[in-house]
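*Asks:* This one is protein38.csv, CSV, C-alpha atoms and all ligand atoms.
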```csv
chain,number,residue,atom,x,y,z
S,1,MET,CA,27.8,27.7,-45.6
S,2,ASP,CA,29.5,29.1,-42.5
S,3,PHE,CA,29.0,32.6,-41.0
S,4,ASP,CA,30.3,34.6,-38.1
S,5,VAL,CA,26.9,36.1,-37.8
S,6,ILE,CA,23.6,35.5,-39.5
S,7,ILE,CA,20.6,37.8,-39.1
S,8,ILE,CA,17.1,36.2,-39.4
S,9,GLY,CA,14.4,38.6,-40.7
S,10,GLY,CA,14.7,41.6,-43.0
S,11,GLY,CA,12.3,44.0,-41.4
S,12,ALA,CA,13.0,47.2,-39.4
S,13,ALA,CA,15.3,45.5,-36.8
S,14,GLY,CA,17.0,42.9,-39.1
S,15,LEU,CA,17.9,45.4,-41.8
S,16,SER,CA,19.1,48.0,-39.3
S,17,CYS,CA,21.3,45.4,-37.7
S,18,ALA,CA,22.6,44.3,-41.1
S,19,LEU,CA,23.5,47.9,-42.1
S,20,VAL,CA,25.4,48.6,-38.9
S,21,ILE,CA,27.2,45.3,-39.1
S,22,GLY,CA,27.9,46.0,-42.8
S,23,SER,CA,29.4,49.4,-41.9
S,24,GLY,CA,31.8,47.6,-39.5
S,25,MET,CA,33.0,45.0,-42.0
S,26,SER,CA,35.9,47.2,-43.2
S,27,LYS,CA,37.3,47.6,-39.7
S,28,PRO,CA,40.5,45.6,-39.0
S,29,PHE,CA,38.6,43.6,-36.3
S,30,ALA,CA,36.2,42.4,-38.8
S,31,GLU,CA,38.8,41.1,-41.3
S,32,ASN,CA,37.8,37.7,-42.7
S,33,ARG,CA,34.4,37.8,-40.8
S,34,LYS,CA,31.4,36.6,-42.7
S,35,ALA,CA,27.9,38.1,-42.1
S,36,GLY,CA,24.6,37.3,-43.7
S,37,ILE,CA,20.9,38.2,-43.6
S,38,ILE,CA,18.0,35.9,-44.4
S,39,LEU,CA,15.8,38.4,-46.1
S,40,HIS,CA,12.4,37.0,-46.1
S,41,GLN,CA,10.2,40.1,-46.1
S,42,LYS,CA,6.7,39.0,-46.9
S,43,SER,CA,5.4,39.2,-43.3
S,44,SER,CA,7.1,42.4,-42.2
S,45,HIS,CA,4.7,44.7,-40.5
S,46,LEU,CA,6.2,47.4,-42.6
S,47,GLN,CA,4.4,45.9,-45.7
S,48,SER,CA,1.2,47.6,-44.6
S,49,ALA,CA,2.6,50.6,-42.6
S,50,LEU,CA,2.3,54.2,-43.5
S,51,LEU,CA,5.0,56.2,-41.6
S,52,ASN,CA,4.1,59.7,-40.6
S,53,ASN,CA,5.8,59.9,-37.2
S,54,VAL,CA,9.4,58.8,-37.7
S,55,PHE,CA,12.3,61.2,-37.3
S,56,GLY,CA,14.2,61.5,-40.5
S,57,ILE,CA,11.6,59.8,-42.7
S,58,PRO,CA,9.3,62.1,-44.7
S,59,PRO,CA,5.6,61.9,-43.8
S,60,GLU,CA,3.4,59.6,-46.0
S,61,THR,CA,6.3,57.2,-46.6
S,62,LYS,CA,5.1,53.7,-47.2
S,63,GLY,CA,6.7,51.0,-45.1
S,64,VAL,CA,7.0,48.8,-48.2
S,65,ASP,CA,9.2,51.5,-49.9
S,66,VAL,CA,11.4,51.7,-46.8
S,67,LEU,CA,11.8,47.9,-46.9
S,68,ASN,CA,12.8,48.0,-50.6
S,69,GLN,CA,15.2,50.9,-50.2
S,70,GLY,CA,16.8,49.2,-47.2
S,71,VAL,CA,17.7,46.2,-49.2
S,72,ALA,CA,19.1,48.4,-52.0
S,73,HIS,CA,21.0,50.5,-49.4
S,74,LEU,CA,22.6,47.3,-48.0
S,75,THR,CA,23.4,46.0,-51.5
S,76,ASP,CA,25.0,49.3,-52.6
S,77,LEU,CA,27.0,50.2,-49.5
S,78,TYR,CA,27.7,46.9,-47.8
S,79,PRO,CA,27.7,44.1,-50.3
S,80,GLU,CA,30.0,42.1,-47.9
S,81,VAL,CA,26.8,41.3,-46.0
S,82,ARG,CA,25.5,38.3,-47.9
S,83,GLN,CA,21.8,38.5,-48.7
S,84,ILE,CA,19.9,35.3,-48.7
S,85,SER,CA,16.5,36.1,-50.2
S,86,ARG,CA,13.2,34.2,-50.3
S,87,GLU,CA,14.1,31.7,-47.7
S,88,LYS,CA,12.2,31.1,-44.5
S,89,VAL,CA,13.9,29.9,-41.4
S,90,ILE,CA,12.2,26.8,-39.9
S,91,GLU,CA,14.7,25.8,-37.2
S,92,VAL,CA,17.6,27.1,-35.2
S,93,ALA,CA,19.7,24.5,-33.3
S,94,GLY,CA,22.7,25.0,-31.1
S,95,ILE,CA,25.4,22.5,-31.8
S,96,ASN,CA,29.0,22.4,-30.4
S,97,GLY,CA,29.1,26.1,-29.6
S,98,ARG,CA,27.7,27.2,-33.0
S,99,TYR,CA,24.2,27.5,-34.4
S,100,ARG,CA,22.6,25.6,-37.3
S,101,VAL,CA,20.1,27.7,-39.1
S,102,ILE,CA,17.8,25.6,-41.3
S,103,THR,CA,15.5,27.2,-43.9
S,104,ASN,CA,12.9,25.8,-46.3
S,105,ARG,CA,15.7,25.5,-48.9
S,106,ASN,CA,19.2,25.4,-47.2
S,107,GLU,CA,21.2,25.0,-44.1
S,108,TYR,CA,23.7,27.5,-42.6
S,109,SER,CA,26.1,27.4,-39.7
S,110,ALA,CA,26.9,30.6,-37.6
S,111,GLU,CA,28.8,31.5,-34.5
S,112,ARG,CA,26.2,34.1,-33.7
S,113,VAL,CA,22.5,34.5,-34.7
S,114,VAL,CA,20.2,37.5,-34.5
S,115,VAL,CA,16.5,36.6,-34.5
S,116,ALA,CA,14.5,39.6,-35.8
S,117,VAL,CA,11.3,38.0,-37.1
S,118,GLY,CA,8.7,40.2,-35.4
S,119,TYR,CA,6.3,39.5,-32.5
S,120,THR,CA,3.5,37.7,-34.2
S,121,SER,CA,2.1,34.5,-32.8
S,122,PRO,CA,2.3,31.6,-33.6
S,123,PHE,CA,6.1,31.6,-33.7
S,124,ARG,CA,7.2,29.2,-36.4
S,125,ILE,CA,10.9,28.7,-35.8
S,126,ASN,CA,11.6,25.4,-34.1
S,127,GLY,CA,14.3,25.1,-31.5
S,128,LEU,CA,13.6,28.4,-29.6
S,129,GLU,CA,10.4,27.3,-27.8
S,130,GLU,CA,12.0,27.4,-24.4
S,131,TYR,CA,12.6,31.1,-24.7
S,132,LEU,CA,9.1,32.1,-25.8
S,133,ILE,CA,7.1,34.2,-23.4
S,134,PRO,CA,4.0,36.5,-23.8
S,135,HIS,CA,5.1,40.0,-24.9
S,136,LYS,CA,5.5,42.3,-21.9
S,137,LYS,CA,4.7,45.5,-23.8
S,138,ALA,CA,1.8,44.7,-26.0
S,139,LYS,CA,-2.0,44.3,-25.4
S,140,ILE,CA,-2.7,40.8,-24.0
S,141,SER,CA,-5.6,40.5,-26.4
S,142,LYS,CA,-3.2,40.7,-29.4
S,143,ASN,CA,-1.4,37.5,-28.2
S,144,ARG,CA,2.0,38.9,-29.1
S,145,ILE,CA,5.2,37.0,-28.1
S,146,GLN,CA,8.8,37.7,-27.4
S,147,LEU,CA,12.0,35.8,-26.6
S,148,LYS,CA,13.3,36.0,-23.0
S,149,ASN,CA,16.5,38.1,-23.1
S,150,GLU,CA,18.7,40.3,-21.2
S,151,ASP,CA,19.7,43.4,-23.1
S,152,HIS,CA,18.9,41.5,-26.4
S,153,LEU,CA,21.0,38.4,-25.4
S,154,VAL,CA,19.0,35.2,-25.2
S,155,LYS,CA,22.0,33.0,-24.5
S,156,SER,CA,25.6,32.9,-25.6
S,157,GLY,CA,25.7,33.7,-29.3
S,158,LEU,CA,22.0,34.0,-29.7
S,159,TYR,CA,20.5,37.5,-29.9
S,160,VAL,CA,17.0,38.8,-30.4
S,161,ALA,CA,16.1,42.2,-31.9
S,162,GLY,CA,13.0,44.4,-32.6
S,163,THR,CA,9.5,43.7,-31.4
S,164,LEU,CA,10.5,40.0,-30.7
S,165,ALA,CA,12.9,41.4,-28.1
S,166,GLY,CA,10.0,42.8,-26.1
S,167,TRP,CA,10.0,46.3,-27.5
S,168,ARG,CA,6.8,48.2,-28.4
S,169,SER,CA,6.0,48.2,-32.0
S,170,GLN,CA,7.3,51.5,-33.4
S,171,TYR,CA,9.6,51.7,-36.3
S,172,ALA,CA,12.3,53.8,-34.6
S,173,ILE,CA,12.4,51.5,-31.6
S,174,ALA,CA,12.7,48.3,-33.7
S,175,SER,CA,15.4,49.9,-35.8
S,176,GLY,CA,17.3,51.1,-32.8
S,177,SER,CA,17.1,47.6,-31.2
S,178,GLY,CA,18.6,46.1,-34.4
S,179,ALA,CA,21.4,48.7,-34.5
S,180,ALA,CA,22.1,48.1,-30.8
S,181,VAL,CA,22.6,44.4,-31.3
S,182,ALA,CA,24.9,45.1,-34.2
S,183,THR,CA,27.2,47.2,-32.0
S,184,ASP,CA,27.2,44.5,-29.4
S,185,ILE,CA,28.4,42.0,-32.0
S,186,LEU,CA,31.0,44.5,-33.4
S,187,THR,CA,32.2,45.0,-29.8
S,188,VAL,CA,32.7,41.3,-29.3
S,189,TRP,CA,34.6,41.1,-32.5
S,190,ASN,CA,36.7,44.1,-31.2
S,191,ASN,CA,37.9,42.0,-28.3
S,192,GLU,CA,35.2,43.4,-26.0
S,193,GLU,CA,36.4,47.0,-26.5
S,194,HIS,CA,33.3,49.1,-27.0
S,195,THR,CA,32.8,50.1,-30.6
S,196,LYS,CA,30.4,51.9,-32.9
S,197,VAL,CA,30.7,53.0,-36.5
S,198,HIS,CA,30.5,56.7,-37.4
S,199,ASP,CA,31.2,58.3,-40.7
S,200,LYS,CA,32.3,61.9,-40.7
S,201,LEU,CA,32.2,64.9,-43.1
S,202,THR,CA,35.7,65.6,-44.4
U,1,LIG,C1,-0.5,48.7,-40.2
U,1,LIG,C2,0.8,49.1,-39.5
U,1,LIG,C3,1.1,50.5,-39.4
U,1,LIG,C4,2.2,50.9,-38.7
U,1,LIG,N1,2.5,52.2,-38.6
U,1,LIG,C5,3.6,52.7,-37.9
U,1,LIG,C6,3.8,54.0,-37.8
U,1,LIG,O1,3.1,54.9,-38.3
U,1,LIG,N2,4.9,54.4,-37.1
U,1,LIG,C7,5.8,53.5,-36.5
U,1,LIG,O2,6.8,53.9,-35.9
U,1,LIG,N3,5.5,52.2,-36.6
U,1,LIG,C8,4.5,51.7,-37.3
U,1,LIG,N4,4.2,50.4,-37.4
U,1,LIG,C9,5.1,49.5,-36.7
U,1,LIG,C10,6.3,49.0,-37.4
U,1,LIG,O3,6.0,48.6,-38.7
U,1,LIG,C11,7.0,47.9,-36.6
U,1,LIG,O4,7.2,48.3,-35.3
U,1,LIG,C12,8.3,47.3,-37.1
U,1,LIG,O5,8.1,46.9,-38.5
U,1,LIG,C13,8.7,46.2,-36.3
U,1,LIG,O6,10.0,45.7,-36.8
U,1,LIG,P1,10.5,44.3,-36.5
U,1,LIG,O7,11.8,44.2,-37.2
U,1,LIG,O8,10.4,43.9,-35.1
U,1,LIG,O9,9.4,43.3,-37.3
U,1,LIG,P2,9.1,43.4,-38.9
U,1,LIG,O10,9.3,44.7,-39.5
U,1,LIG,O11,7.7,42.8,-38.9
U,1,LIG,O12,10.1,42.4,-39.5
U,1,LIG,C14,10.1,41.0,-39.2
U,1,LIG,C15,10.8,40.3,-40.4
U,1,LIG,O13,11.0,38.9,-40.2
U,1,LIG,C16,10.6,38.2,-41.3
U,1,LIG,N5,10.3,36.8,-40.9
U,1,LIG,C17,9.3,36.4,-40.2
U,1,LIG,N6,9.4,35.0,-40.0
U,1,LIG,C18,10.5,34.7,-40.7
U,1,LIG,C19,11.2,33.4,-40.8
U,1,LIG,N7,10.7,32.3,-40.3
U,1,LIG,N8,12.3,33.4,-41.5
U,1,LIG,C20,12.9,34.5,-42.1
U,1,LIG,N9,12.3,35.7,-41.9
U,1,LIG,C21,11.1,35.8,-41.2
U,1,LIG,C22,9.4,38.9,-41.9
U,1,LIG,O14,9.1,38.6,-43.2
U,1,LIG,C23,9.9,40.4,-41.7
U,1,LIG,O15,10.7,40.8,-42.8
U,1,LIG,C24,3.1,49.9,-38.1
U,1,LIG,C25,2.8,48.6,-38.2
U,1,LIG,C26,1.6,48.2,-38.9
U,1,LIG,C27,1.3,46.7,-39.0
```
Just give me the structure of the file as structure tokens.
Ligand SMILES: Cc1cc2nc3c(=O)[nH]c(=O)nc-3n(C[C@H](O)[C@H](O)[C@H](O)COP(=O)(O)OP(=O)(O)OC[C@H]3O[C@@H](n4cnc5c(N)ncnc54)[C@H](O)[C@@H]3O)c2cc1C

*Replies:*
Amino acid sequence: MDFDVIIIGGGAAGLSCALVIGSGMSKPFAENRKAGIILHQKSSHLQSALLNNVFGIPPETKGVDVLNQGVAHLTDLYPEVRQISREKVIEVAGINGRYRVITNRNEYSAERVVVAVGYTSPFRINGLEEYLIPHKKAKISKNRIQLKNEDHLVKSGLYVAGTLAGWRSQYAIASGSGAAVATDILTVWNNEEHTKVHDKLT
């Protein structure tokens, strides 16, 4: 299956990225584009989080509820973003200017890939080892990792978002990182003219 963009990981960064990409899919520049998210969620740090300090989220909100609501939100508002559930990515390989994303069940091809699988070590996706470095903003004793990147770009067509991009582990930071990558991709689709997606009250 071929995609213009595929997001790997359905935690704070991955789902935020998918929602903003989804909101751009109705724009003329996104016509005929295909976007997908590999929504493996078992190991999201949100599974055990209790959110009391996030702007816009009521105190005592369980991270697991935010995860489930995020998927429902994506399904309801932006069904154009194809959701691939219960598959774990095991390899990402660059081939002829595109990426091959291999899971435990299938194989996909994408022009752009967003890796948003969190900063836990060991990193289990083959093909990205050369970009792995110790996390720059986490306690050394925790052995966290990140992918080398410049403003989320690892190399042409390959993006990283969330804690794996080197950001500190806070929900709002990870979500913002995913949303930032989405607007970078929408901007590329819009012939490099800066873009964002805002809905307005009428
Ligand atoms: C106990 C706890 C409490 C917390 N409390 C707070 C708090 O009060 N306030 C706050 O702001 N933040 C809190 N956080 C931090 C917050 O949960 C994280 O900062 C945020 O979840 C990081 O987002 P992320 O997208 O980088 O990673 P994650 O949310 O961890 O998402 C990574 C995703 O990638 C998926 N994945 C991993 N490997 C693969 C693979 N090979 N293929 C496909 N998918 C894969 C995972 O299943 C997961 O869905 C807490 C975290 C923990 C652990």

*Asks:* Any idea what's packed within 9 Å of Val5 of chain S, counting all atoms listed in the file, ignoring anything in its chain fewer than 4 positions away? Could you give it as an NGL selection string?

*Replies:* :S and (33-37 or 109-114 or 157 or 185)

*Asks:* Let's have the selection written as a short mmCIF file (atom, residue, chain, number, x, y, z; two decimals), in the coordinates of the input, with C-alpha atoms.

*Replies:*
```
data_model
loop_
_atom_site.label_atom_id
_atom_site.label_comp_id
_atom_site.auth_asym_id
_atom_site.auth_seq_id
_atom_site.Cartn_x
_atom_site.Cartn_y
_atom_site.Cartn_z
CA ARG S 33 34.40 37.80 -40.80
CA LYS S 34 31.40 36.60 -42.70
CA ALA S 35 27.90 38.10 -42.10
CA GLY S 36 24.60 37.30 -43.70
CA ILE S 37 20.90 38.20 -43.60
CA SER S 109 26.10 27.40 -39.70
CA ALA S 110 26.90 30.60 -37.60
CA GLU S 111 28.80 31.50 -34.50
CA ARG S 112 26.20 34.10 -33.70
CA VAL S 113 22.50 34.50 -34.70
CA VAL S 114 20.20 37.50 -34.50
CA GLY S 157 25.70 33.70 -29.30
CA ILE S 185 28.40 42.00 -32.00
#
```

*Asks:* Enumerate as a PyMOL selection string the residues within 7 Å of ligand LIG 1 (chain U), counting only C-alpha atoms and all ligand atoms.

*Replies:* chain S and resi 8-14+38-46+48-54+63+87-90+116-119+124-125+161-164+168-172+174-175

*Asks:* Calculated over only C-alpha atoms, which of the candidates S:Val101, S:Leu15, S:Glu60, S:His198 has the smallest distance to Ala72 of chain S?

*Replies:*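 The shortest atom-to-atom distance to Ala72 of chain S comes from S:Leu15.
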
*Asks:* For Gly24 of chain S, work out the shell of residues within 9 Å, counting all atoms listed in the file and skipping chain neighbours fewer than 3 positions away, then give it as a list of chain:residue names.

*Replies:* S:Leu19, S:Val20, S:Ile21, S:Lys27, S:Pro28, S:Phe29, S:Ala30, S:Thr183, S:Leu186, S:Lys196, S:Val197

*Asks:* Which one of S:Ile145, S:Cys17, S:Val81, S:Val154 sits closest to Val181 of chain S if you count only C-alpha atoms?

*Replies:*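 Closest residue, counting only C-alpha atoms: S:Cys17.
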
*Asks:* Of the residues S:Ser121, S:Leu158, S:Ala93, S:Arg86, which is the one nearest to Asn143 of chain S, using only C-alpha atoms?

*Replies:*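 Using only C-alpha atoms, Asn143 of chain S sits closest to S:Ser121.
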
*Asks:* Kindly indicate which residue among S:Glu150, S:Asp4, S:Glu107, S:Asp76 lies nearest to Val92 of chain S, using only C-alpha atoms for the distances.

*Replies:*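 Among the listed residues, S:Glu107 lies closest to Val92 of chain S.
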
*Asks:* Quick one: pull the distance between atom CA of Asn96 of chain S and atom CA of Ala18 of chain S, Å, one decimal.

*Replies:*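 Distance between the two atoms: 25.2 Å.
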
*Asks:* Please compute the atom CA of Val66 of chain S-atom CA of Gly176 of chain S distance, one decimal, in Å.

*Replies:*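 So the two atoms, atom CA of Val66 of chain S and atom CA of Gly176 of chain S, lie 15.2 Å apart.
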